[in-house]
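Structure first, then comments.
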Amino acid sequence: MKKTIHHTRSGTKDASKVFRKLRTCSRTFFHILNNEFGHPKELEERAADSLAGGILQEGHQCGMLWGASLAVGAEAHRKCKDPNEAIAVAIKATQYIMNSFMKNEHTVNCRDITHCDFSSKLSFAKYMISGRFLYCFKMADRWAPEAVEAAINGLSYNEIDEYPVSISCATEVARKMGASAEEMIMVAGFAGGLGLSGAACGALSAAIWMKSLSWCREKSKKSSLKNPDAKKTLETFYQATGSKIRCNDITGLNFNTIDEHTNFIVNGGCDMIMKTLAKS
């Protein structure tokens with residue numbers, strides 16, 4: 001069933017100001033889209049700090065994408081009564097967002113955009129001294145209106161009846177970690193390396209966000225970017241995968257449809273990795 005999504009706010013002109021205030025790209029775009037939909041979520045947004053810089057600053061998919069995906073997941077949960085429909089809508093909306101981002105940047109990876117290895121003090125110093133960090137603020141201003149438009153169009157996708165059963169690896173990990181129904185749908189778009197793109201593992205990012213959410217509930221007002229629990233989850237993941245992080249490297253597959261990904265999970269794909277993440 002088609003869901004009509006209405007544009008409710010107009011804060012995208014100040015994206016760089018929001019970015020400067022909130023300090024991470026992931027939190028910024030989670031916040032911007034939540035406000036557009038009229039449902040801010042301070043705690044959940046703060047937990048998204050840990051996805052900045054391409055997942056704990058590892059340089060993978062830009063944090064703006066992870067944050068935007070969480071926001072459309074939250075909106076899908078509000079708009080769809082059936083969980084299968086909500087998962088499919090969240091994945092489709094994430095794909096719309098990623099396509100929009102790719103048209104602008106010609107890459108989805110943080111390191112390609114920033115030219116920075118955040119684990120290196122020297123590289124980070126060059127990033128700051130050169131002024132390259134300013135590009136991310138300009139990018140936020142440029143892409144925010146398009147991100148909102150892509151999110152609205154994706155959330156209005158009307159062919160969801162094609163997917164009567166929809167499963168997301170990220171949702172399954174969140175479920176195993178005790179997530180609420182809303183939280184499970186919020187991470188649904190992470191499936192298959194974020195929107196089935198095959199990039200850095202969506203189940204990993206879901207686990208990191210869930211760990212960060214728990215940490216934020218205990219550590220009021222602190223950023224989750226340096227959350228030791230999330231770092232431990234990343235280390236455990238690398239041990240389980242032999243340091244692989246890309247979905248298509250781990251699975252040996254490229255998921256072209258939601259059905260393909262659903263069937264992979266139903267047939268036990270990545271089961272051990274998901275259980276390991278949930279226990280990390």
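In the structure tokens, the first chain shown is A, the next is B, and so on; residue numbers restart at 1 for each chain, and ligands run from 1 in the order shown.
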
Just list as a VMD selection string whatever in segment 41-126 of chain A DSSP marks as helix (DSSP H, G or I). chain A and resid 42 to 51 63 to 79 83 to 105 110 to 114 121 to 126

Please provide the set of residues having any atom within 6 Å of segment 218-229 of chain A, restricted to only C-alpha atoms, with same-chain residues fewer than 2 positions apart removed, written as a PDB file with C-alpha atoms, in the first residue's frame.
ATOM      1  CA  ALA A  47      23.885   7.033  19.459  1.00  0.00           C
ATOM      2  CA  ASP A  49      27.648   9.424  16.456  1.00  0.00           C
ATOM      3  CA  SER A  50      29.364   6.024  16.425  1.00  0.00           C
ATOM      4  CA  SER A 212      25.848   2.947  21.469  1.00  0.00           C
ATOM      5  CA  TRP A 215      25.752   3.383  26.284  1.00  0.00           C
ATOM      6  CA  CYS A 216      23.993   6.723  25.686  1.00  0.00           C
ATOM      7  CA  LYS A 231      34.864  -0.496  19.566  1.00  0.00           C
ATOM      8  CA  LYS A 232      34.802  -3.915  21.202  1.00  0.00           C
TER       9      LYS A 232
END

Selection: 10 Å around Phe101 of chain A, only C-alpha atoms, excl. self and same-chain fewer than 2 positions, as a list in words: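 Once the adjacent positions are removed, what remains is Cys62, Met64, Leu65, Gln95, Tyr96, Ile97, Met98, Asn99, Lys103, Asn104, Glu105, His106, Thr107, Val108, Met139, Trp143, Ala144, Glu146, Ala147 and Ala150 of chain A.
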
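For Thr241 of chain A, the list of residues within 9 Å, based on only C-alpha atoms and with local chain neighbours fewer than 4 positions off taken out, reads A:Thr236, A:Phe237, A:Ile245, A:Ile250, A:Ile273.
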
Residue subset to file, keeping C-alpha atoms, as a PDB file, in the first residue's frame:
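Everything below was put into out-v6.pdb:
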ATOM      1  CA  THR A 236      34.923  -8.958  17.683  1.00  0.00           C
ATOM      2  CA  PHE A 237      33.467  -8.615  14.183  1.00  0.00           C
ATOM      3  CA  ILE A 245      33.972  -5.895   6.448  1.00  0.00           C
ATOM      4  CA  ILE A 250      31.819 -11.838   3.472  1.00  0.00           C
ATOM      5  CA  ILE A 273      28.201 -13.560  12.395  1.00  0.00           C
TER       6      ILE A 273
END
